[in-house]
Every structure is written in C-alpha cells, then in structure tokens.
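Undergrad: Handing over run-v5.cif, mmCIF, C-alpha atoms (C1' of nucleotides).
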data_final
#
loop_
_atom_site.label_atom_id
_atom_site.label_comp_id
_atom_site.auth_asym_id
_atom_site.auth_seq_id
_atom_site.Cartn_x
_atom_site.Cartn_y
_atom_site.Cartn_z
CA MET V 7 -72.70 40.36 -51.21
CA LYS V 8 -68.92 40.33 -51.36
CA SER V 9 -67.84 41.99 -48.17
CA GLU V 10 -66.51 45.40 -49.11
CA ASN V 11 -66.23 45.96 -45.39
CA ARG V 12 -63.11 43.87 -45.13
CA LYS V 13 -61.57 45.85 -47.95
CA LYS V 14 -62.22 49.07 -46.07
CA GLU V 15 -60.62 47.59 -42.98
CA ILE V 16 -57.54 46.72 -44.99
CA ILE V 17 -57.34 50.20 -46.44
CA SER V 18 -57.70 51.73 -42.97
CA ALA V 19 -54.95 49.55 -41.57
CA ALA V 20 -52.78 50.37 -44.57
CA SER V 21 -53.35 54.09 -44.09
CA ILE V 22 -51.99 53.86 -40.57
CA LEU V 23 -48.94 51.86 -41.61
CA PHE V 24 -48.26 54.09 -44.62
CA LYS V 25 -48.42 57.07 -42.31
CA GLU V 26 -45.88 55.56 -39.92
CA LYS V 27 -43.32 54.27 -42.42
CA GLY V 28 -44.33 55.34 -45.90
CA TYR V 29 -45.74 53.27 -48.76
CA SER V 30 -42.48 51.73 -49.94
CA ALA V 31 -41.34 50.65 -46.49
CA VAL V 32 -44.59 48.85 -45.66
CA THR V 33 -44.71 45.26 -46.93
CA MET V 34 -47.79 43.21 -47.62
CA ARG V 35 -46.61 40.96 -44.77
CA ASP V 36 -46.59 43.97 -42.43
CA LEU V 37 -50.10 44.82 -43.47
CA ALA V 38 -51.27 41.23 -43.11
CA LYS V 39 -49.81 41.01 -39.61
CA ALA V 40 -51.65 44.18 -38.64
CA MET V 41 -54.85 42.53 -39.86
CA GLY V 42 -54.09 39.27 -38.09
CA ILE V 43 -53.98 37.22 -41.30
CA LYS V 44 -51.41 36.00 -43.84
CA ALA V 45 -50.20 38.15 -46.71
CA ALA V 46 -51.75 35.98 -49.40
CA SER V 47 -55.16 36.32 -47.79
CA LEU V 48 -55.17 40.04 -48.49
CA TYR V 49 -55.60 39.24 -52.16
CA ASN V 50 -59.06 37.86 -51.54
CA HIS V 51 -60.09 41.48 -51.00
CA ILE V 52 -57.73 43.71 -52.93
CA GLN V 53 -56.10 43.47 -56.32
CA SER V 54 -52.67 44.88 -55.50
CA LYS V 55 -50.68 47.04 -53.10
CA GLN V 56 -50.93 49.77 -55.68
CA GLU V 57 -54.73 49.62 -55.60
CA ILE V 58 -54.65 50.36 -51.87
CA LEU V 59 -52.51 53.43 -52.40
CA SER V 60 -54.58 54.84 -55.24
CA THR V 61 -57.83 54.22 -53.38
CA ILE V 62 -56.52 56.22 -50.43
CA ILE V 63 -55.05 59.09 -52.41
CA ILE V 64 -57.46 59.59 -55.30
CA GLY V 65 -60.49 59.56 -53.03
CA LEU V 66 -59.05 62.29 -50.85
CA ALA V 67 -57.84 64.34 -53.78
CA GLU V 68 -61.31 64.26 -55.30
CA GLU V 69 -62.77 65.39 -51.99
CA PHE V 70 -60.52 68.44 -52.07
CA THR V 71 -61.33 69.10 -55.69
CA VAL V 72 -65.08 69.00 -55.11
CA GLY V 73 -64.77 71.21 -52.04
CA MET V 74 -62.59 73.77 -53.77
CA ASN V 75 -64.87 73.94 -56.80
CA LYS V 76 -67.83 74.76 -54.58
CA ILE V 77 -65.86 77.53 -52.90
CA VAL V 78 -64.55 78.99 -56.12
CA SER V 79 -67.95 79.16 -57.76
CA SER V 80 -69.59 80.79 -54.74
CA ASP V 81 -70.07 84.55 -54.49
CA ALA V 82 -68.48 84.88 -51.06
CA SER V 83 -65.84 87.50 -50.31
CA THR V 84 -62.18 86.61 -50.63
CA ILE V 85 -61.77 86.38 -46.88
CA GLN V 86 -64.83 84.19 -46.57
CA LYS V 87 -63.51 81.95 -49.33
CA LEU V 88 -60.21 81.58 -47.48
CA LYS V 89 -62.10 80.71 -44.33
CA ASN V 90 -64.06 78.10 -46.27
CA ILE V 91 -60.80 76.58 -47.53
CA ILE V 92 -59.47 76.35 -43.99
CA ASP V 93 -62.76 74.76 -43.02
CA LEU V 94 -62.45 72.23 -45.82
CA HIS V 95 -58.94 71.20 -44.82
CA ILE V 96 -59.83 70.82 -41.16
CA ASP V 97 -62.94 68.79 -41.97
CA VAL V 98 -61.04 66.39 -44.21
CA THR V 99 -58.24 66.11 -41.67
CA LEU V 100 -60.61 65.24 -38.86
CA ARG V 101 -62.25 62.59 -41.00
CA ASN V 102 -59.13 60.94 -42.45
CA ALA V 103 -55.86 62.13 -40.96
CA ASP V 104 -54.11 58.86 -41.73
CA GLY V 105 -54.95 58.88 -45.42
CA LEU V 106 -53.64 62.42 -45.78
CA ALA V 107 -50.18 61.16 -44.94
CA SER V 108 -50.17 59.11 -48.14
CA LEU V 109 -51.61 61.96 -50.17
CA ASN V 110 -48.84 64.25 -48.96
CA SER V 111 -45.88 61.89 -48.92
CA ASP V 112 -46.55 58.97 -51.26
CA TRP V 113 -48.42 60.42 -54.22
CA MET V 114 -45.29 60.01 -56.36
CA HIS V 115 -45.67 56.24 -56.11
CA LEU V 116 -48.98 56.28 -57.94
CA GLU V 117 -48.92 54.38 -61.22
CA GLU V 118 -50.61 54.44 -64.63
CA GLY V 119 -53.01 57.31 -65.16
CA ASN V 120 -53.50 57.95 -61.47
CA LEU V 121 -50.26 59.86 -61.10
CA GLN V 122 -51.16 62.30 -63.87
CA TYR V 123 -54.73 62.51 -62.64
CA PHE V 124 -53.52 63.39 -59.16
CA GLU V 125 -51.01 65.94 -60.38
CA GLN V 126 -53.66 67.60 -62.48
CA MET V 127 -56.04 67.88 -59.55
CA ARG V 128 -53.32 69.27 -57.32
CA GLU V 129 -52.28 71.82 -59.92
CA GLU V 130 -55.85 73.00 -60.41
CA TYR V 131 -56.35 73.21 -56.68
CA GLU V 132 -53.31 75.42 -56.28
CA GLU V 133 -54.30 77.53 -59.25
CA ASN V 134 -57.75 78.10 -57.75
CA PHE V 135 -56.15 79.07 -54.47
CA ARG V 136 -53.83 81.48 -56.22
CA THR V 137 -56.67 83.08 -58.16
CA ILE V 138 -58.66 83.68 -54.99
CA VAL V 139 -55.70 85.36 -53.29
CA LYS V 140 -54.88 87.44 -56.37
CA ARG V 141 -58.44 88.72 -56.57
CA GLY V 142 -58.27 89.59 -52.89
CA VAL V 143 -55.12 91.59 -53.44
CA ALA V 144 -56.71 93.37 -56.40
CA ASN V 145 -59.74 94.53 -54.44
CA GLY V 146 -57.81 95.38 -51.31
CA GLU V 147 -59.02 92.57 -49.06
CA ILE V 148 -55.55 91.00 -48.94
CA LYS V 149 -52.19 92.66 -48.37
CA SER V 150 -49.92 93.09 -51.33
CA TYR V 151 -47.11 90.70 -50.46
CA ASN V 152 -45.65 88.18 -52.90
CA ILE V 153 -48.59 86.01 -54.00
CA GLU V 154 -46.61 82.77 -54.04
CA ILE V 155 -45.36 83.30 -50.52
CA MET V 156 -48.85 83.90 -49.17
CA VAL V 157 -50.30 80.89 -50.98
CA PHE V 158 -47.47 78.61 -49.97
CA SER V 159 -47.46 79.74 -46.38
CA THR V 160 -51.17 79.10 -45.91
CA LEU V 161 -51.31 75.89 -47.89
CA SER V 162 -48.27 74.35 -46.23
CA THR V 163 -49.87 74.74 -42.83
CA LEU V 164 -53.20 73.31 -43.97
CA ARG V 165 -51.51 70.41 -45.73
CA THR V 166 -49.57 69.31 -42.67
CA LEU V 167 -52.44 69.55 -40.23
CA TYR V 168 -52.68 65.77 -40.34
CA LEU V 169 -49.28 65.50 -38.64
CA TRP V 170 -50.20 67.78 -35.84
CA TYR V 171 -53.86 67.33 -35.10
CA PRO V 172 -53.75 63.73 -33.80
CA LYS V 173 -51.21 64.78 -31.17
CA GLN V 174 -53.53 67.42 -29.72
CA HIS V 175 -55.83 65.63 -27.33
CA GLY V 176 -59.36 66.85 -27.23
CA ILE V 177 -58.99 70.19 -28.94
CA ASP V 178 -62.44 71.23 -30.11
CA ALA V 179 -62.87 71.35 -33.87
CA ASP V 180 -64.64 74.71 -33.80
CA ILE V 181 -62.01 76.31 -31.60
CA LEU V 182 -59.33 74.90 -33.87
CA LYS V 183 -61.04 76.40 -36.90
CA ARG V 184 -61.51 79.80 -35.26
CA ASP V 185 -57.93 80.10 -34.01
CA MET V 186 -56.46 78.70 -37.21
CA MET V 187 -58.34 81.27 -39.25
CA SER V 188 -57.09 84.05 -36.99
CA VAL V 189 -53.50 82.89 -37.07
CA LEU V 190 -53.36 82.30 -40.82
CA LEU V 191 -55.22 85.45 -41.81
CA LYS V 192 -54.31 88.00 -39.15
CA GLY V 193 -50.94 86.73 -37.94
CA ILE V 194 -49.67 86.21 -34.43
CA VAL V 195 -48.13 89.62 -33.68
CA MET R 5 -5.70 61.14 -48.71
CA LYS R 6 -8.78 59.01 -49.12
CA SER R 7 -11.08 61.04 -51.28
CA GLU R 8 -13.87 62.24 -49.05
CA ASN R 9 -14.98 64.25 -52.04
CA ARG R 10 -16.46 61.23 -53.74
CA LYS R 11 -18.38 60.44 -50.60
CA LYS R 12 -19.89 63.91 -50.58
CA GLU R 13 -20.86 63.49 -54.23
CA ILE R 14 -22.63 60.25 -53.37
CA ILE R 15 -24.47 61.87 -50.49
CA SER R 16 -25.52 64.77 -52.71
CA ALA R 17 -26.82 62.44 -55.38
CA ALA R 18 -28.61 60.39 -52.74
CA SER R 19 -30.22 63.51 -51.29
CA ILE R 20 -31.75 64.30 -54.65
CA LEU R 21 -33.04 60.76 -55.18
CA PHE R 22 -34.36 60.50 -51.61
CA LYS R 23 -36.19 63.76 -52.18
CA GLU R 24 -37.83 62.48 -55.35
CA LYS R 25 -38.86 58.99 -54.20
CA GLY R 26 -38.09 58.64 -50.51
CA TYR R 27 -35.35 56.61 -48.82
CA SER R 28 -37.04 53.21 -49.02
CA ALA R 29 -37.91 53.48 -52.70
CA VAL R 30 -34.38 54.38 -53.77
CA THR R 31 -32.15 51.36 -54.35
CA MET R 32 -28.40 51.29 -54.25
CA ARG R 33 -28.56 50.45 -57.96
CA ASP R 34 -30.58 53.61 -58.58
CA LEU R 35 -27.98 55.62 -56.72
CA ALA R 36 -25.12 53.95 -58.56
CA LYS R 37 -26.73 54.66 -61.93
CA ALA R 38 -27.08 58.33 -60.97
CA MET R 39 -23.36 58.34 -60.21
CA GLY R 40 -22.49 56.51 -63.42
CA ILE R 41 -20.98 53.50 -61.63
CA LYS R 42 -22.05 50.05 -60.38
CA ALA R 43 -23.77 49.52 -57.06
CA ALA R 44 -20.91 47.57 -55.53
CA SER R 45 -18.52 50.43 -56.25
CA LEU R 46 -20.43 52.69 -53.88
CA TYR R 47 -19.09 50.60 -51.01
CA ASN R 48 -15.55 51.83 -51.67
CA HIS R 49 -16.76 55.15 -50.26
CA ILE R 50 -19.63 54.49 -47.91
CA GLN R 51 -20.35 51.82 -45.35
CA SER R 52 -24.07 51.33 -45.90
CA LYS R 53 -27.24 52.88 -47.24
CA GLN R 54 -28.13 53.71 -43.67
CA GLU R 55 -24.92 55.69 -43.24
CA ILE R 56 -25.94 57.93 -46.12
CA LEU R 57 -29.30 58.65 -44.52
CA SER R 58 -27.93 59.39 -41.07
CA THR R 59 -25.18 61.62 -42.49
CA ILE R 60 -27.79 63.69 -44.30
CA ILE R 61 -30.26 63.96 -41.45
CA ILE R 62 -28.09 64.23 -38.34
CA GLY R 63 -25.91 66.91 -39.86
CA LEU R 64 -28.91 69.07 -40.67
CA ALA R 65 -30.59 68.45 -37.34
CA GLU R 66 -27.44 69.55 -35.54
CA GLU R 67 -27.34 72.69 -37.65
CA PHE R 68 -30.85 73.55 -36.49
CA THR R 69 -29.98 72.73 -32.90
CA VAL R 70 -26.93 74.96 -32.88
CA GLY R 71 -28.84 77.78 -34.54
CA MET R 72 -31.77 77.55 -32.16
CA ASN R 73 -29.51 77.48 -29.10
CA LYS R 74 -27.86 80.70 -30.20
CA ILE R 75 -31.22 82.35 -30.64
CA VAL R 76 -32.62 81.13 -27.35
CA SER R 77 -29.65 82.31 -25.33
CA SER R 78 -29.63 85.76 -26.92
CA ASP R 79 -31.30 88.74 -25.29
CA ALA R 80 -33.31 89.72 -28.35
CA SER R 81 -37.03 90.49 -28.15
CA THR R 82 -39.52 87.74 -28.87
CA ILE R 83 -40.30 89.13 -32.29
CA GLN R 84 -36.63 89.41 -33.13
CA LYS R 85 -36.10 85.84 -32.00
CA LEU R 86 -38.90 84.67 -34.28
CA LYS R 87 -37.35 86.59 -37.14
CA ASN R 88 -34.03 84.92 -36.39
CA ILE R 89 -35.71 81.52 -36.51
CA ILE R 90 -37.22 82.32 -39.91
CA ASP R 91 -33.78 83.46 -40.99
CA LEU R 92 -32.24 80.20 -39.82
CA HIS R 93 -34.75 78.06 -41.71
CA ILE R 94 -34.36 80.01 -44.92
CA ASP R 95 -30.57 79.90 -44.70
CA VAL R 96 -30.50 76.14 -44.20
CA THR R 97 -33.06 75.65 -46.96
CA LEU R 98 -31.04 77.68 -49.45
CA ARG R 99 -27.94 75.69 -48.60
CA ASN R 100 -29.40 72.17 -48.59
CA ALA R 101 -32.98 71.94 -49.80
CA ASP R 102 -32.52 68.35 -50.96
CA GLY R 103 -31.30 67.07 -47.62
CA LEU R 104 -34.23 68.64 -45.83
CA ALA R 105 -36.55 66.31 -47.68
CA SER R 106 -34.95 63.36 -45.89
CA LEU R 107 -35.01 65.14 -42.56
CA ASN R 108 -38.71 65.82 -42.95
CA SER R 109 -39.89 62.58 -44.54
CA ASP R 110 -37.39 59.82 -43.81
CA TRP R 111 -36.19 60.42 -40.27
CA MET R 112 -38.23 57.42 -39.08
CA HIS R 113 -35.93 55.14 -41.03
CA LEU R 114 -32.93 56.08 -38.92
CA GLU R 115 -31.45 53.17 -36.98
CA GLU R 116 -29.56 52.52 -33.75
CA GLY R 117 -29.06 55.54 -31.56
CA ASN R 118 -29.56 58.01 -34.38
CA LEU R 119 -33.33 57.76 -34.28
CA GLN R 120 -33.49 58.62 -30.60
CA TYR R 121 -30.83 61.30 -31.02
CA PHE R 122 -32.83 62.90 -33.80
CA GLU R 123 -36.11 62.72 -31.92
CA GLN R 124 -34.51 64.32 -28.89
CA MET R 125 -33.12 67.19 -30.95
CA ARG R 126 -36.45 67.75 -32.64
CA GLU R 127 -38.31 67.72 -29.35
CA GLU R 128 -35.91 70.22 -27.80
CA TYR R 129 -36.17 72.42 -30.86
CA GLU R 130 -39.95 72.49 -30.63
CA GLU R 131 -39.82 73.08 -26.90
CA ASN R 132 -37.51 76.06 -27.39
CA PHE R 133 -39.85 77.43 -30.02
CA ARG R 134 -42.83 77.00 -27.71
CA THR R 135 -41.03 78.73 -24.85
CA ILE R 136 -40.20 81.73 -27.01
CA VAL R 137 -43.80 82.10 -28.13
CA LYS R 138 -45.15 81.64 -24.61
CA ARG R 139 -42.86 84.35 -23.28
CA GLY R 140 -44.01 86.61 -26.08
CA VAL R 141 -47.63 86.04 -25.14
CA ALA R 142 -46.82 86.73 -21.49
CA ASN R 143 -45.23 90.10 -22.17
CA GLY R 144 -47.76 91.12 -24.79
CA GLU R 145 -45.59 90.89 -27.89
CA ILE R 146 -47.64 88.00 -29.25
CA LYS R 147 -51.40 87.62 -29.48
CA SER R 148 -53.06 85.29 -27.06
CA TYR R 149 -54.23 82.51 -29.38
CA ASN R 150 -53.71 78.82 -28.67
CA ILE R 151 -49.93 78.36 -28.30
CA GLU R 152 -49.80 75.04 -30.10
CA ILE R 153 -51.67 76.40 -33.09
CA MET R 154 -49.30 79.35 -33.43
CA VAL R 155 -46.20 77.19 -33.07
CA PHE R 156 -47.46 74.53 -35.45
CA SER R 157 -48.63 77.03 -38.03
CA THR R 158 -45.28 78.81 -38.19
CA LEU R 159 -43.13 75.73 -37.99
CA SER R 160 -45.07 73.79 -40.63
CA THR R 161 -44.47 76.55 -43.13
CA LEU R 162 -40.78 76.81 -42.32
CA ARG R 163 -40.32 73.05 -42.44
CA THR R 164 -41.81 72.68 -45.90
CA LEU R 165 -39.94 75.57 -47.45
CA TYR R 166 -37.68 73.01 -49.12
CA LEU R 167 -40.59 71.81 -51.24
CA TRP R 168 -41.50 75.22 -52.45
CA TYR R 169 -38.33 77.23 -52.75
CA PRO R 170 -36.68 75.29 -55.59
CA LYS R 171 -39.74 75.89 -57.76
CA GLN R 172 -39.46 79.66 -57.42
CA HIS R 173 -36.93 80.78 -59.97
CA GLY R 174 -34.73 83.60 -58.96
CA ILE R 175 -36.57 84.91 -55.94
CA ASP R 176 -34.10 86.95 -53.93
CA ALA R 177 -33.24 85.49 -50.53
CA ASP R 178 -33.59 88.82 -48.74
CA ILE R 179 -36.97 89.55 -50.28
CA LEU R 180 -38.08 86.04 -49.39
CA LYS R 181 -37.02 86.57 -45.79
CA ARG R 182 -38.70 89.95 -45.53
CA ASP R 183 -42.02 88.83 -47.00
CA MET R 184 -42.01 85.53 -45.12
CA MET R 185 -41.53 87.37 -41.85
CA SER R 186 -44.40 89.72 -42.67
CA VAL R 187 -46.75 86.91 -43.70
CA LEU R 188 -45.98 84.65 -40.76
CA LEU R 189 -45.98 87.37 -38.11
CA LYS R 190 -48.51 89.91 -39.35
CA GLY R 191 -50.82 87.78 -41.51
CA ILE R 192 -52.11 88.39 -45.00
CA VAL R 193 -55.32 90.28 -44.26
"C1'" DT I 17 9.88 51.46 -64.64
"C1'" DT I 18 8.04 49.60 -60.78
"C1'" DA I 19 5.27 49.70 -56.73
"C1'" DT I 20 1.35 51.35 -54.54
"C1'" DT I 21 -3.15 52.64 -53.86
"C1'" DA I 22 -7.79 54.40 -54.93
"C1'" DA I 23 -11.73 53.25 -57.28
"C1'" DA I 24 -13.85 50.96 -60.57
"C1'" DC I 25 -15.41 46.24 -62.04
"C1'" DT I 26 -17.86 41.12 -62.22
"C1'" DA I 27 -20.16 37.71 -59.78
"C1'" DA I 28 -22.70 36.15 -56.38
"C1'" DC I 29 -25.05 35.72 -51.72
"C1'" DA I 30 -29.04 35.26 -48.59
"C1'" DA I 31 -33.03 37.65 -47.44
"C1'" DA I 32 -37.14 39.96 -48.46
"C1'" DC I 33 -40.39 41.50 -51.91
"C1'" DG I 34 -45.33 41.37 -54.34
"C1'" DT I 35 -48.05 38.07 -56.07
"C1'" DT I 36 -50.22 33.49 -57.76
"C1'" DA I 37 -52.10 28.78 -57.40
"C1'" DG I 38 -54.32 25.48 -55.14
"C1'" DT I 39 -56.37 23.85 -50.72
"C1'" DT I 40 -58.78 23.97 -46.34
"C1'" DT I 41 -61.68 26.14 -43.06
"C1'" DT I 42 -65.73 28.70 -41.74
"C1'" DG I 43 -70.25 30.40 -41.94
"C1'" DT I 44 -74.57 30.83 -44.23
"C1'" DT I 45 -78.58 29.16 -47.38
"C1'" DT I 46 -81.34 25.72 -49.17
"C1'" DA B 9 -77.65 17.48 -44.02
"C1'" DA B 10 -75.95 19.00 -48.13
"C1'" DA B 11 -74.37 22.69 -51.04
"C1'" DC B 12 -72.30 26.90 -51.70
"C1'" DA B 13 -69.47 30.88 -51.23
"C1'" DA B 14 -66.36 33.78 -48.65
"C1'" DA B 15 -62.11 34.09 -46.61
"C1'" DA B 16 -58.61 32.08 -44.52
"C1'" DC B 17 -54.52 28.97 -45.24
"C1'" DT B 18 -49.71 26.66 -47.15
"C1'" DA B 19 -46.39 26.67 -50.53
"C1'" DA B 20 -44.02 28.54 -53.88
"C1'" DC B 21 -42.69 31.66 -57.95
"C1'" DG B 22 -39.54 34.97 -60.07
"C1'" DT B 23 -37.53 39.60 -58.87
"C1'" DT B 24 -35.29 42.80 -56.45
"C1'" DT B 25 -32.92 44.08 -52.33
"C1'" DG B 26 -28.43 45.52 -49.66
"C1'" DT B 27 -24.13 43.86 -49.37
"C1'" DT B 28 -19.59 41.03 -49.71
"C1'" DA B 29 -15.57 38.94 -51.99
"C1'" DG B 30 -12.29 38.97 -55.20
"C1'" DT B 31 -10.36 41.10 -59.47
"C1'" DT B 32 -9.04 44.63 -62.84
"C1'" DT B 33 -8.15 49.30 -64.27
"C1'" DA B 34 -6.28 53.96 -63.70
"C1'" DA B 35 -3.61 57.32 -61.51
"C1'" DT B 36 0.21 58.69 -58.59
"C1'" DA B 37 4.78 58.17 -56.01
"C1'" DA B 38 9.25 56.04 -55.61
#
Would you write out, as structure tokens, the structure that this file holds?

TA:
Amino acid sequence: MKSENRKKEIISAASILFKEKGYSAVTMRDLAKAMGIKAASLYNHIQSKQEILSTIIIGLAEEFTVGMNKIVSSDASTIQKLKNIIDLHIDVTLRNADGLASLNSDWMHLEEGNLQYFEQMREEYEENFRTIVKRGVANGEIKSYNIEIMVFSTLSTLRTLYLWYPKQHGIDADILKRDMMSVLLKGIV
Amino acid sequence: MKSENRKKEIISAASILFKEKGYSAVTMRDLAKAMGIKAASLYNHIQSKQEILSTIIIGLAEEFTVGMNKIVSSDASTIQKLKNIIDLHIDVTLRNADGLASLNSDWMHLEEGNLQYFEQMREEYEENFRTIVKRGVANGEIKSYNIEIMVFSTLSTLRTLYLWYPKQHGIDADILKRDMMSVLLKGIV
DNA sequence: TTATTAAACTAACAAACGTTAGTTTTGTTT
DNA sequence: AAACAAAACTAACGTTTGTTAGTTTAATAA
C-alpha cells in the first residue's frame, strides 16, 4: 500500500505555504524544508508542483459545485437557499481554510484542462447564485436592487471568509453562521 | 527633465500584469514585452522589480489612510461615516482598479521597511473602521451583532470591488455607490 | 553641425528554479 | 537472515530569474 498519507501531508503543508506567499513564490525547496526532507524526495509522492495545486483547487471547487447543485434543486424558499449557501461556505472554510487561499488567488496558474474546468465550475456557480437571487426578487422575497451588486456583495464576503476566520479565536461555528446570515441578509443598520 | 512619464507607463503596465498573474509570476521579460522593449531597458527608468511593487502598493495604502483619517476626524454620524468609507473605496477603485490587485494579493512580497509600514497602515485602517462601528452600536445607529463579523463583511466586499467592477460595463458610479450603500447597510431581504 | 543626453539595445552574470537519475537508508515481510 | 519495497538521499541537468555593463540609436540643444 503506497502511502497516500504522505502525499496528503505534502498537500497540507503546501496549502499553508501557498496561502502565505502564493503558488509562484513557493519553491519545491521551501516545501521540502517545511516537510523536513529534501526537494527531490517530494517526487517519491507527487508528480509535479502543478499536481499539488490542481489537487487543492479542483477538489474544493467540486465540493462547492456539489453543494450548490443540491441547494438549487431543492424546493426551499429563496431566503432558505441563501442561508444554505452561507452554510456551505462556512462549512468548507472551517474544513479547509488554507486550501481556499489557492482557490481564490492561484486558480489562474492551473494548467491543461484544469483551468477551463475550474472556470466552468466557477461560472456555473455564479450563474446559479444569480438565478436564485433573481427569482427572489421576482417573488418579492428579495429587494429590487441591482442583481449584480447583491450577488457580488454576498459572494465576496463568503469567498474571503478563509482570510478572516482563522484570526478569530474560538468563535463558535453556529454563532458565526447565525450572525453572518443576519448581516448579509438583513444588513447592519 | 528625466521622463517620469515612462516610469508611470511601466508601473501601469506592471499593475495590469500583476493583476492577471501575481507579482511573483510576472517576469521582467514579461513586463518588457508588454512595453515593447527589452528587459534590460526597463532599468533606465526603474531601480528594481521591487520598486515597482512598493510604488503601486504604498501609494494606494497612503490614499486609504488619508481618506480614513479625514472621515474619522469628522463629526458626521456613524452611518454617514460608513457611507463615506464606501465612497472612498469606490473612488479609489474607479481610479486604480489594477493597482488594488497588488495591494490585496501581493503586499506580502514587500521588502525592507515597506512591509511593516504597509501592515501598520492596514492595521490602523481596520482599527478605525472597528471604532466607528463600535460607536454606532453604542449609540444605537448600528445593530448589535458581532463587531468583527460586521466589519469583516463590509470590508471584504469593499476590498474586492476591484475584481468585480471592471467586468460591469458602463455601470454609473453614482448608482453603484447608492446601491452598494443600501446593500451593505440595509441588507438585501 | 556638433555635442549632449535619454532610452533603447546586445551580451552576459550568478543565483534560483522544477525536475530527473541513480544510490543509500529504513522498515517490514517472508 | 535474507529479500523487498518505500522513502529518503546526493548530484546534477537545462531553464529561467533579476540585474549589470557596455554600446548604439534617436532626439534635442548649442
């Protein structure tokens, strides 16, 4: 049994380094040092630096895609769907805040088909989000402001949770979800 | 008169490339090609790659610092102060969306004193923001949710405006400001 | 025209990059 | 104890990196 464990350790260490300095600024020697081994030894477990990046990003993007598809195809109200989206983002952030840094900041360094695959998933995710909000505006659940502004405003906060959450010590996940839903949906005034 | 114009052109071109691929992934040869010259020729106008980055970031950070200080020392209401902050972010974004990408994503690659200088400005900016919101909660202008969540939620949207605004064709700045204020302060539900 | 200067060029540098090949160490199975 | 496989190692490769030195071209001033 070829130890896939070591590979996961490498990817975890890489996620942290990528978060701190970005994919391009992290060298294989940096990563090796963080693992306590030499750079060449990494290649006993991974195929390339690029493989590390795509493993981190594509896995997370697929998680979002699966989650969003469940929400879209449910028969919940618009507001409940928005709450479910907030829930999804917070859950993923709690589970893999480091990896989200790469998804948000280094996706453009994906190669081969992975870049297009990622962009397609992201576009569909945003389109689903937009459709939910539009429907809410149509049936009066959501205010009639500019759709793009509402979608962007909400999504930008959810997407950058990974930057903020690790700095909050010991904030309870449920309280975070409750307050975040209030702030994003009902405002602060 | 040594042409400072050419230097500004280089910094503009660099801002665009840094936005697309990040500071570390952009080579001096990439930048030279975008300018239609050879890499070595860049050094007739700039001292180093690092100088380009710090010029972009420190200038913008100081703009935010000056703007925030004006707002803080005014005698406007909390809500008006928040509106002024939104105004400030939108104004800076309209004027230099490309540079904001470096400020947001590549500040950690600043060297020497500039890194500490930047971090200090950012910390003071956030602290000013927090103080404004806290005062608003104290006098009843702002709802009593978790302070950090309200500050983060608002600021994360304002900070990533640069990613979103250029993709909206022909949205009027005043309409953007008005709707953004409504969405951020009063929510979408 | 000549002199001067700004801004381009060619050529090259030392260092750092991702990665490969081949070897040794370490730990487990027979 | 012997055999095997996993995972570390050393050494090196061909590129690419930011940058410097010295030279040529182009534009302006005397």

Undergrad: Tell me which residues the PyMOL selection byres ((chain V and resi 99-102) around 9) grabs here, as a count of residues only.

TA: 16

Undergrad: Given the file shown, determine the residues that the PyMOL selection byres ((chain R and resi 122) around 12) selects; report them as JSON, numbers by chain.

TA: {"R": [58, 59, 60, 61, 62, 63, 64, 65, 66, 67, 68, 69, 107, 108, 110, 111, 112, 113, 114, 115, 116, 117, 118, 119, 120, 121, 123, 124, 125, 126, 127, 128, 129]}

Undergrad: Report the distance between CA of Ala31 (chain V) and CA of His175 (chain V) in Å, rounded to one decimal place.

TA: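 Value for the CA of Ala31 (chain V)-CA of His175 (chain V) distance: 28.3 Å.
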
Undergrad: Could the residues of chain B within 9 Å of chain V, counting all atoms listed in the file, be given as a list in words, please?

TA: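 The answer, sorted by residue number, is DA14, DA15, DA16 and DC17 of chain B.
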
Undergrad: Determine the nearest neighbour of chain I from the options R:Ala43, R:Ala80, R:Ile20, R:Gly26, counting all atoms listed in the file.

TA: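 Selected residue with least distance to chain I: R:Ala43.
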
Undergrad: What would the selection look like, as a ChimeraX atom specification, if the PyMOL selection byres ((chain I and resi 34-40) around 8) were run on the coordinates I just shared?

TA: /V:34,46,55 /I:33,41 /B:17,21

Undergrad: Can you work out which residues from chain V touch chain R at a cut-off of 10 Å (counting only C-alpha atoms) and hand them back as a PyMOL selection string?

TA: chain V and resi 26-32+85+111-115+139+142-143+146-167+169-171+174+181-182+184-186+188-195

Undergrad: May I ask for the distance between CA of Ser79 (chain V) and CA of Lys183 (chain V), given in Å to one decimal place?

TA: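 According to the coordinates, CA of Ser79 (chain V) and CA of Lys183 (chain V) are separated by 22.1 Å.
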
Undergrad: Could the centre and edge lengths of an axis-aligned box, enclosing all atoms of region 24-32 of chain I in the file with 5 Å extra on each side, be given in Å to one decimal as lines of an AutoDock Vina configuration file?

TA:
center_x = -25.5
center_y = 43.1
center_z = -54.8
size_x = 33.3
size_y = 25.7
size_z = 24.8

Undergrad: Find the residues near region 33-40 of chain R: any atom within 8 Å, counting all atoms listed in the file, skip ones fewer than 6 places away on the same chain, and give them as a list in words.

TA: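 Here the qualifying residues turn out to be Ile14, Ala17, Ala18, Leu21 and Leu46 of chain R.
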
Undergrad: Write out as a ChimeraX atom specification which residues come within 10 Å of region 30-32 of chain B when counting all atoms listed in the file, dropping same-chain ones fewer than 3 positions away.

TA: /I:24-27

Undergrad: Rounded to one decimal, what separation in Å do you get between CA of Asp178 (chain V) and CA of Asn134 (chain V)?

TA: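 Result for CA of Asp178 (chain V) versus CA of Asn134 (chain V): 28.9 Å, one decimal.
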